[in-house]
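Peer 1: Have a look at the structure that comes next, please.
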Amino acid sequence: MTNLSARDRIAFALDVHSREEALRWVDTLQSEIGVFKVGLQLFISEGPRLLKDLAERNVACFLDLKIHDIPATVERAVHAAVAHQVRYVTVHAASGPEALRRAASCTLQANTKILAVTVLTSFSDTDLEAIGMMGNANAAAHRLARVSFDCGVRGFVCAPLECASLRQELGPEAHLVTPGIRRLNPGGSADDQKRTETATTAITHGADLLVVGRPIREAPDPLASARSILNEIEVASSRNAS
Ligand code: C5P
């Protein structure tokens with residue numbers, strides 16, 4: 001559970017191609033948003049100098065490379081992320097127990113938190129069945145989160161509606177991070193996401209950090225959209241606290 005400010009509970013997904021465009025988004029949104037997520041597209045295009053740019057602007061970096069490899073490679077990659085002092089780095093829980101243990105031990109003395117990716121919010125139950133995973137998305141997310149927790153990981157990426165049951169299972173130490181956030185827009189598009197909810201619902205169910213990309217990036221007024229999500233977080237958290 002979190003004592004972070006609302007501003008540190010939104011991670012804006014910098015799903016753009018260039019450093020210039022990414023930094024324009026940081027400059028536009030940093031009054032409302034404290035965490036910026038660098039994913040595969042931007043990292044492959046621009047590399048680690050962008051992590052320095054974010055540090056110089058005093059915003060936290062969420063390095064979303066969804067690392068999934070053999071234990072030694074996972075450990076070395078997490079070690080490199082820790083050296084860049086990112087706040088969060090994602091590792092697929094499906095990397096397995098040894099990789100998760102080695103990743104977690106790299107961050108023991110660091111300010112970097114490992115986030116274990118459970119089941120992507122773009123996956124439906126049918127998609128999971130197609131790749132041979134047992135059970136539905138909710139059961140698979142629980143199984144992957146439990147394995148990660150037992151290996152010393154305390155951060156988890158899950159779908160909004162999985163937060164309440166994961167909180168119950170893993171307790172207050174778990175840091176629950178959820179993408180798949182969409183604005184209230186009946187009949188509106190969820191893009192490629194399948195397990196989506198509003199910011200209010202995610203916070204009410206116990207999410208600590210919301211990852212938001214297109215609902216802000218593609219809004220007619222991105223700053224207003226960020227403010228409105230921030231307001232949802234503040235209202236829902238104070239309701240949770242009372
Ligand atoms: O645009 P949208 O709000 O759907 O962006 C969600 C972001 O969260 C994307 O950058 C995506 O890579 C990331 N993400 C996700 N599902 C996960 C983990 C990360 O959608 N399980």
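Chain labels follow the order of the structure tokens: the first chain is A, the next B, and so on; residue numbering restarts at 1 in every chain, and ligands are counted from 1 in their shown order.
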Please find the residues contacting ligand 1 at a distance of at most 8 Å between atoms, with only C-alpha atoms and all ligand atoms counted, and report them as an MDAnalysis selection string.

Peer 2: chainID A and resid 13:15 37:40 64 66 117:122 157:159 178:182 190:193 211:217

Peer 1: Excluding A:Asp8 and its own-chain neighbours fewer than 2 positions away, which residues fall within 7 Å of it when counting only C-alpha atoms? Please give them as a PDB file with C-alpha atoms, in the first residue's frame.

Peer 2:
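Here's the written file selection_26.pdb:
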```
ATOM      1  CA  LEU A   4       2.869   8.343  -2.425  1.00  0.00           C
ATOM      2  CA  SER A   5       1.337  11.670  -3.508  1.00  0.00           C
ATOM      3  CA  ALA A   6      -1.291  11.520  -6.288  1.00  0.00           C
ATOM      4  CA  ILE A  10       0.451   8.202 -12.374  1.00  0.00           C
ATOM      5  CA  ILE A  33       2.681  13.685 -13.261  1.00  0.00           C
ATOM      6  CA  GLY A  34       5.801  12.571 -11.378  1.00  0.00           C
ATOM      7  CA  VAL A  35       6.665   9.286 -13.134  1.00  0.00           C
TER       8      VAL A  35
END
```

Peer 1: Excluding same-chain residues fewer than 4 positions from A:Ile229, what lies within 9 Å of it counting only C-alpha atoms, as a compact mmCIF listing (two decimals) with all heavy atoms, in the first residue's frame?

Peer 2:
```txt
# COMPACT_ATOMS: atom_id res chain seq x y z
N ILE A 10 0.69 8.38 -10.93
CA ILE A 10 0.45 8.20 -12.37
C ILE A 10 1.80 8.08 -13.05
O ILE A 10 2.68 8.92 -12.83
CB ILE A 10 -0.22 9.41 -13.06
CG1 ILE A 10 -1.45 9.90 -12.33
CG2 ILE A 10 -0.58 9.08 -14.51
CD1 ILE A 10 -2.17 11.02 -13.09
N ARG A 183 -10.69 6.27 -19.80
CA ARG A 183 -11.64 7.26 -19.31
C ARG A 183 -13.06 6.72 -19.44
O ARG A 183 -13.29 5.82 -20.24
CB ARG A 183 -11.54 8.58 -20.10
CG ARG A 183 -10.16 9.15 -20.33
CD ARG A 183 -9.39 9.38 -19.04
NE ARG A 183 -10.17 9.98 -17.95
CZ ARG A 183 -10.46 11.27 -17.85
NH1 ARG A 183 -10.04 12.12 -18.76
NH2 ARG A 183 -11.17 11.74 -16.85
N THR A 198 -11.60 2.31 -15.22
CA THR A 198 -11.28 3.72 -15.00
C THR A 198 -10.26 3.86 -13.87
O THR A 198 -10.06 2.92 -13.07
CB THR A 198 -12.54 4.51 -14.59
OG1 THR A 198 -13.00 3.98 -13.34
CG2 THR A 198 -13.64 4.41 -15.63
N ALA A 199 -9.67 5.05 -13.78
CA ALA A 199 -8.72 5.32 -12.69
C ALA A 199 -9.41 5.16 -11.33
O ALA A 199 -8.86 4.56 -10.40
CB ALA A 199 -8.16 6.73 -12.85
N THR A 200 -10.63 5.66 -11.24
CA THR A 200 -11.37 5.56 -9.96
C THR A 200 -11.51 4.11 -9.54
O THR A 200 -11.23 3.75 -8.39
CB THR A 200 -12.79 6.19 -10.12
OG1 THR A 200 -12.60 7.56 -10.46
CG2 THR A 200 -13.61 6.08 -8.86
N ILE A 216 -4.25 9.99 -22.22
CA ILE A 216 -3.72 11.35 -22.09
C ILE A 216 -3.14 11.80 -23.43
O ILE A 216 -3.45 12.88 -23.94
CB ILE A 216 -2.64 11.42 -20.98
CG1 ILE A 216 -3.28 11.16 -19.61
CG2 ILE A 216 -1.91 12.77 -21.01
CD1 ILE A 216 -2.30 11.11 -18.45
N ALA A 224 -5.37 18.62 -19.50
CA ALA A 224 -6.67 18.55 -18.82
C ALA A 224 -7.01 17.09 -18.51
O ALA A 224 -7.54 16.78 -17.43
CB ALA A 224 -7.75 19.17 -19.69
N SER A 225 -6.68 16.19 -19.42
CA SER A 225 -6.96 14.77 -19.17
C SER A 225 -6.12 14.27 -18.00
O SER A 225 -6.61 13.54 -17.12
CB SER A 225 -6.67 13.98 -20.44
OG SER A 225 -6.82 12.62 -20.20
N ILE A 233 -7.79 10.15 -8.86
CA ILE A 233 -6.93 9.44 -7.89
C ILE A 233 -7.11 10.04 -6.50
O ILE A 233 -7.27 9.32 -5.50
CB ILE A 233 -5.45 9.51 -8.33
CG1 ILE A 233 -5.25 8.74 -9.63
CG2 ILE A 233 -4.52 8.96 -7.24
CD1 ILE A 233 -3.84 8.81 -10.20
N GLU A 234 -7.12 11.39 -6.43
CA GLU A 234 -7.24 12.05 -5.12
C GLU A 234 -8.58 11.71 -4.47
O GLU A 234 -8.63 11.34 -3.29
CB GLU A 234 -7.09 13.57 -5.27
CG GLU A 234 -5.63 13.96 -5.37
CD GLU A 234 -5.41 15.37 -5.92
OE1 GLU A 234 -6.37 16.02 -6.39
OE2 GLU A 234 -4.24 15.81 -5.87
```

Peer 1: Just list as a PyMOL selection string whatever in chain A DSSP marks as strand (DSSP E or B).

Peer 2: chain A and resi 10-13+35-38+60-67+88-92+113-117+155-157+175-178+181+197+209-212

Peer 1: Identify which of the residues A:Ala83, A:Ile70, A:Glu75, A:Lys113 lies closest to A:Ser95, counting only C-alpha atoms when measuring atom-to-atom distances.

Peer 2: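 Nearest candidate to A:Ser95 out of A:Ala83, A:Ile70, A:Glu75, A:Lys113: A:Ile70.
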
Peer 1: Identify, on the basis of only C-alpha atoms, every residue whose closest approach to A:Ala236 does not exceed 10 Å; exclude the query and any residue fewer than 2 positions from it along the same chain; express the result as a list in words.

Peer 2: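 So, after excluding close chain neighbours, the residues are Ala199, Thr200, Thr201, Ala202, Ile203, Thr204, His205, Gly206, Leu230, Asn231, Glu232, Ile233, Glu234, Ser238, Arg239, Asn240 and Ala241 of chain A.
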
Peer 1: Filtering to all heavy atoms, could you give me those residues as a short mmCIF file (atom, residue, chain, number, x, y, z; two decimals), in the first residue's frame?

Peer 2:
```cif
data_model
loop_
_atom_site.label_atom_id
_atom_site.label_comp_id
_atom_site.auth_asym_id
_atom_site.auth_seq_id
_atom_site.Cartn_x
_atom_site.Cartn_y
_atom_site.Cartn_z
N ALA A 199 -9.67 5.05 -13.78
CA ALA A 199 -8.72 5.32 -12.69
C ALA A 199 -9.41 5.16 -11.33
O ALA A 199 -8.86 4.56 -10.40
CB ALA A 199 -8.16 6.73 -12.85
N THR A 200 -10.63 5.66 -11.24
CA THR A 200 -11.37 5.56 -9.96
C THR A 200 -11.51 4.11 -9.54
O THR A 200 -11.23 3.75 -8.39
CB THR A 200 -12.79 6.19 -10.12
OG1 THR A 200 -12.60 7.56 -10.46
CG2 THR A 200 -13.61 6.08 -8.86
N THR A 201 -11.92 3.25 -10.47
CA THR A 201 -12.11 1.84 -10.12
C THR A 201 -10.78 1.20 -9.72
O THR A 201 -10.71 0.45 -8.74
CB THR A 201 -12.73 1.06 -11.31
OG1 THR A 201 -13.92 1.72 -11.67
CG2 THR A 201 -13.01 -0.37 -10.98
N ALA A 202 -9.71 1.52 -10.45
CA ALA A 202 -8.40 0.92 -10.14
C ALA A 202 -7.97 1.32 -8.72
O ALA A 202 -7.53 0.47 -7.93
CB ALA A 202 -7.37 1.36 -11.17
N ILE A 203 -8.10 2.59 -8.39
CA ILE A 203 -7.67 3.05 -7.05
C ILE A 203 -8.58 2.45 -5.98
O ILE A 203 -8.12 1.97 -4.94
CB ILE A 203 -7.68 4.60 -6.96
CG1 ILE A 203 -6.67 5.20 -7.94
CG2 ILE A 203 -7.43 5.07 -5.53
CD1 ILE A 203 -5.21 5.00 -7.60
N THR A 204 -9.88 2.41 -6.25
CA THR A 204 -10.81 1.83 -5.29
C THR A 204 -10.47 0.37 -5.00
O THR A 204 -10.60 -0.10 -3.89
CB THR A 204 -12.27 1.94 -5.83
OG1 THR A 204 -12.50 3.30 -6.15
CG2 THR A 204 -13.30 1.49 -4.82
N HIS A 205 -9.98 -0.33 -6.03
CA HIS A 205 -9.62 -1.74 -5.84
C HIS A 205 -8.22 -1.91 -5.24
O HIS A 205 -7.76 -3.03 -5.07
CB HIS A 205 -9.71 -2.50 -7.16
CG HIS A 205 -11.12 -2.88 -7.51
ND1 HIS A 205 -12.03 -1.95 -7.96
CD2 HIS A 205 -11.79 -4.05 -7.43
CE1 HIS A 205 -13.20 -2.56 -8.17
NE2 HIS A 205 -13.07 -3.83 -7.86
N GLY A 206 -7.52 -0.80 -4.99
CA GLY A 206 -6.25 -0.93 -4.26
C GLY A 206 -4.99 -0.72 -5.08
O GLY A 206 -3.90 -1.03 -4.60
N LEU A 230 -5.73 12.75 -12.28
CA LEU A 230 -5.14 13.06 -10.96
C LEU A 230 -6.26 13.31 -9.94
O LEU A 230 -6.21 12.83 -8.81
CB LEU A 230 -4.27 14.31 -11.11
CG LEU A 230 -3.32 14.63 -9.99
CD1 LEU A 230 -2.16 13.64 -9.98
CD2 LEU A 230 -2.75 16.05 -10.14
N ASN A 231 -7.27 14.03 -10.39
CA ASN A 231 -8.39 14.32 -9.51
C ASN A 231 -9.14 13.03 -9.12
O ASN A 231 -9.49 12.82 -7.96
CB ASN A 231 -9.33 15.32 -10.20
CG ASN A 231 -10.49 15.68 -9.31
OD1 ASN A 231 -10.29 16.09 -8.17
ND2 ASN A 231 -11.70 15.51 -9.81
N GLU A 232 -9.31 12.13 -10.11
CA GLU A 232 -9.94 10.84 -9.78
C GLU A 232 -9.14 10.10 -8.72
O GLU A 232 -9.70 9.49 -7.81
CB GLU A 232 -10.00 9.95 -11.04
CG GLU A 232 -11.12 10.24 -12.00
CD GLU A 232 -11.21 9.14 -13.06
OE1 GLU A 232 -11.43 7.97 -12.73
OE2 GLU A 232 -11.04 9.45 -14.26
N ILE A 233 -7.79 10.15 -8.86
CA ILE A 233 -6.93 9.44 -7.89
C ILE A 233 -7.11 10.04 -6.50
O ILE A 233 -7.27 9.32 -5.50
CB ILE A 233 -5.45 9.51 -8.33
CG1 ILE A 233 -5.25 8.74 -9.63
CG2 ILE A 233 -4.52 8.96 -7.24
CD1 ILE A 233 -3.84 8.81 -10.20
N GLU A 234 -7.12 11.39 -6.43
CA GLU A 234 -7.24 12.05 -5.12
C GLU A 234 -8.58 11.71 -4.47
O GLU A 234 -8.63 11.34 -3.29
CB GLU A 234 -7.09 13.57 -5.27
CG GLU A 234 -5.63 13.96 -5.37
CD GLU A 234 -5.41 15.37 -5.92
OE1 GLU A 234 -6.37 16.02 -6.39
OE2 GLU A 234 -4.24 15.81 -5.87
N SER A 238 -9.01 9.33 -1.12
CA SER A 238 -9.52 9.82 0.16
C SER A 238 -10.78 9.03 0.56
O SER A 238 -11.01 8.79 1.73
CB SER A 238 -9.75 11.34 0.16
OG SER A 238 -10.66 11.64 -0.85
N ARG A 239 -11.52 8.55 -0.44
CA ARG A 239 -12.66 7.68 -0.11
C ARG A 239 -12.17 6.36 0.49
O ARG A 239 -12.72 5.86 1.46
CB ARG A 239 -13.46 7.40 -1.39
CG ARG A 239 -14.96 7.47 -1.14
CD ARG A 239 -15.77 7.08 -2.35
NE ARG A 239 -15.74 8.05 -3.42
CZ ARG A 239 -15.51 7.75 -4.71
NH1 ARG A 239 -15.25 6.52 -5.09
NH2 ARG A 239 -15.51 8.68 -5.62
N ASN A 240 -11.06 5.81 -0.07
CA ASN A 240 -10.51 4.56 0.48
C ASN A 240 -10.08 4.74 1.92
O ASN A 240 -10.20 3.84 2.74
CB ASN A 240 -9.25 4.13 -0.30
CG ASN A 240 -9.59 3.48 -1.63
OD1 ASN A 240 -10.75 3.32 -1.96
ND2 ASN A 240 -8.57 3.14 -2.39
N ALA A 241 -9.50 5.96 2.22
CA ALA A 241 -8.93 6.19 3.54
C ALA A 241 -10.01 6.40 4.59
O ALA A 241 -9.78 6.21 5.78
CB ALA A 241 -8.01 7.41 3.49
#
```

Peer 1: For A:Ala11, which residue out of A:Ile44, A:Thr112, A:His142, A:Ala226 is the nearest one, using only C-alpha atoms?

Peer 2: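 The shortest atom-to-atom distance to A:Ala11 comes from A:Ala226.
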
Peer 1: Find, counting only C-alpha atoms, the residue in A:Gly96, A:Gly171, A:Pro71, A:Pro222 that gets nearest to A:Val147.

Peer 2: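 Closest to A:Val147, using only C-alpha atoms: A:Gly96.
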